[in-house]
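Asker: This is the structure, below, for whatever I ask next.
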Amino acid sequence: MGHLIAFCLLLVPGLEAQEPEPSPAATPAEAQAPSWETQRQARTYSLGIPAPRGQITDCHGNPLAQTRVSYNLALEFPGPNDPDAAVLEYARAQMDAVRQVVARPTAVTDAQILKHYHNRGVIPLDIILDLSPADVEAIQRAALPHIILHPVYQRFYPNGSLAGHVIGYAGKSGRALDGPIQDNELLWPNAEGREGIEQTFNAQLTGRVGQMNIAFDANGVKTSEKVAIPPQPGYNVVTTLDADIQRMAEEALEKGAKRGAVVILDPNTGDVLALASWPVFNPNAFVPTITPEAFKALASDPNIPLLPRAFRSAYPPGSTFKVIVGLAALESGSIKPDSEFSCPAALEIGNRTFHNWKKTGSGMLDFVEALTQSCDTYFYQVGIKTGSKPITDWATKDGLGAKTGIPIFGEAEGRVPTDEYMEKVYGRKLLNGDIANLAIGQGDLLVTPLQLAQAMGAIGNGGTLYQTRLVRQVQTIDSRIVTAYEVRVKEQLDIDPKILAVIKKAMVDVVSGRGGTASEARIENVDVAGKTGTAQWGPKNHERTAAWFAGFAPADKPKYAFAALYEGAANVADVHGGVYAAPLVTKVLRELFKDQAKPKKAEHKKKDQTKADRVEKAEPAQQAQPSGKDVPIKRAEPAETPGPR
């Protein structure tokens with residue numbers, strides 16, 4: 001049967017595998033019969049051949065998830081109705097011979113051997129799953145009698161851990177069958193998506209099951225075996241991710257953070273180019289199944305590698321939120337661009353003292369100067385003068401406090417603390433102390449890195465909030481489009497162009513101006529508009545720091561909007577957005593703009609960097625399409641599968 005299945009696999013368009021040359025001793029017996037239990041039930045069985053899953057690709061058609069042909073090591077039984085003792089003696093002898101050739105254990109019990117023999121003896125019993133290429137070659141050379149290489153479809157992630165949180169993984173849909181053979185049952189368990197794109201688009205990625213007919217005569221002797229219907233592969237899912245940008249983002253995180261995230265969007269379409277969380281996991285570890293020991297190691301890792309921080313964790317945004325506060329204040333007329341407020345070291349608000357990050361005052365500042373220096377006491381005053389409603393309204397209009405709508409389950413909603421929320425949770429509206437906290441991005445305000453990048457993109461492009469898009473289209477194996485997800489506008493912010501110019505100038509000065517808190521993010525010949533932020537979150541006795549850098553570049557006509565998060569360790573306060581978060585995304589931007597930006601002559605050392613963006617501790621957070629074109633899919637060569645050439 002293994003050889004006919006291999007023939008069937010070769011019939012699937014776009015997927016090829018070369019079956020190992022069998023030795024005469026390894027050829028299946030032509031006259032095997034099922035047990036007495038199955039002889040009475042049928043003369044012909046129709047068995048399903050699982051189809052290969054479709055590919056998941058980046059926006060250029062580069063594969064992120066594929067299907068390959070894998071080889072299991074399987075044991076054939078010589079015939080029906082042998083005594084149990086003889087069956088076990090035979091099976092043990094065969095597995096002993098296998099152990100001399102392949103180092104991997106054959107974890108099959110006597111009970112499993114007998115159950116399979118009595119119920120399904122006509123079908124070879126898999127004793128080792130997913131052989132390595134070296135093991136396949138060793139088995140071929142050994143030419144063991146009654147041991148065959150059984151080809152099956154297997155999920156494969158050619159880039160390893162790249163975008164693992166976004167792609168997800170596909171696991172077996174059920175355990176291997178061991179009961180009497182039934183019509184229409186599958187020859188091996190199908191794969192189903194368990195996380196990420198694999199899960200959301202499982203129905204589209206799953207192909208159409210094929211059919212193999214096995215006929216028996218009146219005595220239960222097998223007379224024929226035929227592939228009646230070849231399996232049809234699933235559809236391909238084309239994402240908006242750019243594998244190169246995703247890789248750069250993950251490499252920056254690997255070198256610069258134990259825990260964090262980098263999100264990069266196209267602000268002119270809403271397309272997600274990179275959605276990187278760190279640490280990440282390798283979805284290949286779940287194929288065909290993950291061992292209990294390996295899963296325990298992932299689940300117990302204190303850095304939580306299974307958590308996609310880019311879209312499933314929400315944090316207080318810190319001073320990055322001052323961009324929204326400034327927008328609300330200027331648009332509502334509460335202040336003008338040249339309105340000046342003092343920047344003292346501290347302010348009394350109600351019965352509390354609210355501090356600036358600096359121990360000394362900075363005199364009178366206008367909006368551009370205040371955002372450049374990230375003066376907390378300026379924004380306390382401006383926030384209270386503006387009032388909570390314009391601030392929360394603009395935050396909501398800019399996409400904060402709501403899921404972006406990417407097609408992955410479990411996206412965090414974030415939170416914008418409106419008066420209604422405060423009444424429900426605390427029995428009061430937002431008071432001046434709450435607004436002061438809100439004005440510097442603390443308190444009950446929570447955003448995800450993806451939301452913050454989306455918000456910055458809307459400001460950068462002039463006021464259009466696009467539907468964030470992670471999947472461009474679903475298409476057939478021959479590139480015919482089945483479903484296209486077009487670029488879509490969610491909201492027009494209607495920002496006054498003069499106010500927008502002031503906001504952009506202030507954000508550019510944050511990076512390039514005197515006293516700016518993000519000098520680490522400078523790129524020669526490119527105006528980067530950004531805002532740093534640092535905020536505390538979590539319980540008081542286990543407080544963490546979220547360090548941010550968010551913005552867009554180039555400032556005048558942005559190609560990229562971004563948000564970078566550096567998640568500090570518990571009870572470590574000396575972590576700041578300009579020093580820790582800005583370099584994460586700047587490394588990527590310098591590569592993207594390398595043709596127009598000169599390399600920086602000298603890197604500043606962290607100890608020389610300003611700590612200007614650190615804010616005093618506030619109340620802890622409650623919780624931490626295409627234009628009609630098809631995309632040519634790049635298919636892997638058959639040699640990429642772990643089977644022999």
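Each chain in the structure tokens gets a letter, A, B and so on, in the order shown; residues start at 1 in every chain, and ligands are counted from 1 in the order they appear.
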Which residues come within 7 Å of Val152 (chain A), counting only C-alpha atoms, excluding same-chain residues fewer than 2 positions away, as a compact mmCIF listing (two decimals) with N, CA and C atoms, in the first residue's frame?

Answerer:
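Dumped to selection_13.txt:
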```
# COMPACT_ATOMS: atom_id res chain seq x y z
N VAL A 69 6.51 15.94 1.62
CA VAL A 69 6.29 14.51 1.75
C VAL A 69 7.27 13.99 2.79
N SER A 70 6.73 13.38 3.81
CA SER A 70 7.52 12.81 4.89
C SER A 70 7.43 11.29 4.81
N TYR A 71 8.41 10.62 5.36
CA TYR A 71 8.40 9.16 5.37
C TYR A 71 8.35 8.63 6.79
N HIS A 150 6.81 4.56 4.45
CA HIS A 150 5.41 4.90 4.22
C HIS A 150 5.28 6.41 4.04
N GLN A 154 3.20 16.13 5.36
CA GLN A 154 3.59 16.73 6.63
C GLN A 154 3.74 18.23 6.45
```

Asker: Could you list, as a ChimeraX atom specification, every residue within 7 Å of Asp271 (chain A), counting only C-alpha atoms and ignoring same-chain residues fewer than 4 positions away?

Answerer: /A:240,265-266,468-470

Asker: Keeping only all heavy atoms, take the residues you just selected and write them out as a CSV table (one decimal), in the first residue's frame.

Answerer:
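File again-v4.csv, as written:
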```csv
chain,number,residue,atom,x,y,z
A,240,THR,N,0.4,39.8,3.9
A,240,THR,CA,1.0,41.1,3.6
A,240,THR,C,2.4,41.2,4.1
A,240,THR,O,3.1,42.2,3.9
A,240,THR,CB,0.2,42.3,4.2
A,240,THR,OG1,0.1,42.1,5.6
A,240,THR,CG2,-1.2,42.3,3.6
A,265,LEU,N,4.2,48.8,9.5
A,265,LEU,CA,3.0,48.9,8.6
A,265,LEU,C,3.3,49.8,7.4
A,265,LEU,O,4.2,50.7,7.5
A,265,LEU,CB,1.8,49.4,9.3
A,265,LEU,CG,1.3,48.8,10.7
A,265,LEU,CD1,0.1,49.5,11.1
A,265,LEU,CD2,1.1,47.3,10.5
A,266,ASP,N,2.6,49.6,6.4
A,266,ASP,CA,2.5,50.5,5.3
A,266,ASP,C,1.4,51.5,5.6
A,266,ASP,O,0.2,51.1,5.6
A,266,ASP,CB,2.2,49.8,4.0
A,266,ASP,CG,2.2,50.8,2.8
A,266,ASP,OD1,2.1,52.0,3.0
A,266,ASP,OD2,2.3,50.3,1.6
A,468,THR,N,-6.4,47.6,9.2
A,468,THR,CA,-5.1,46.9,9.2
A,468,THR,C,-5.3,45.5,8.4
A,468,THR,O,-6.2,44.8,8.7
A,468,THR,CB,-4.7,46.6,10.6
A,468,THR,OG1,-4.5,47.9,11.3
A,468,THR,CG2,-3.4,45.9,10.6
A,469,ARG,N,-4.4,45.3,7.5
A,469,ARG,CA,-4.6,44.1,6.6
A,469,ARG,C,-3.4,43.2,6.8
A,469,ARG,O,-2.2,43.6,6.6
A,469,ARG,CB,-4.7,44.6,5.1
A,469,ARG,CG,-5.1,43.5,4.2
A,469,ARG,CD,-5.4,44.0,2.8
A,469,ARG,NE,-4.3,44.6,2.1
A,469,ARG,CZ,-4.1,44.7,0.8
A,469,ARG,NH1,-5.1,44.2,0.0
A,469,ARG,NH2,-3.1,45.2,0.2
A,470,LEU,N,-3.6,42.0,7.1
A,470,LEU,CA,-2.6,40.9,7.2
A,470,LEU,C,-2.6,39.9,6.1
A,470,LEU,O,-1.6,39.2,5.9
A,470,LEU,CB,-2.7,40.3,8.6
A,470,LEU,CG,-1.7,39.2,9.0
A,470,LEU,CD1,-0.3,39.8,9.0
A,470,LEU,CD2,-2.0,38.7,10.4
```

Asker: Applying 12 Å and only C-alpha atoms, which residues near region 93-95 of chain A remain after dropping the ones on its own chain fewer than 5 positions away? List them as an MDAnalysis selection string.

Answerer: chainID A and resid 26 73:78 86:88 100:110 113 125:128 143:148

Asker: Please identify which residues in region 178-243 of chain A DSSP calls strand (DSSP E or B) from the backbone, and express them as a ChimeraX atom specification.

Answerer: /A:186,191-193,208,210-216,222-229,232,236-239

Asker: To one decimal place, how far is CA of Arg514 (chain A) from CA of Asp595 (chain A) in Å?

Answerer: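 A separation of 26.2 Å between them.
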
Asker: Could you tell me, as a list in words, which residues of region 450-537 of chain A DSSP assigns to alpha helix (DSSP H) when given the backbone?

Answerer: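 Selecting the alpha helix (DSSP H) positions of region 450-537 of chain A gives Leu450, Gln451, Leu452, Ala453, Gln454, Ala455, Met456, Gly457, Ala458, Ile459, Gly460, Pro497, Lys498, Ile499, Leu500, Ala501, Val502, Ile503, Lys504, Lys505, Ala506, Met507, Val508, Asp509, Val510, Val511 and Ser512 of chain A.
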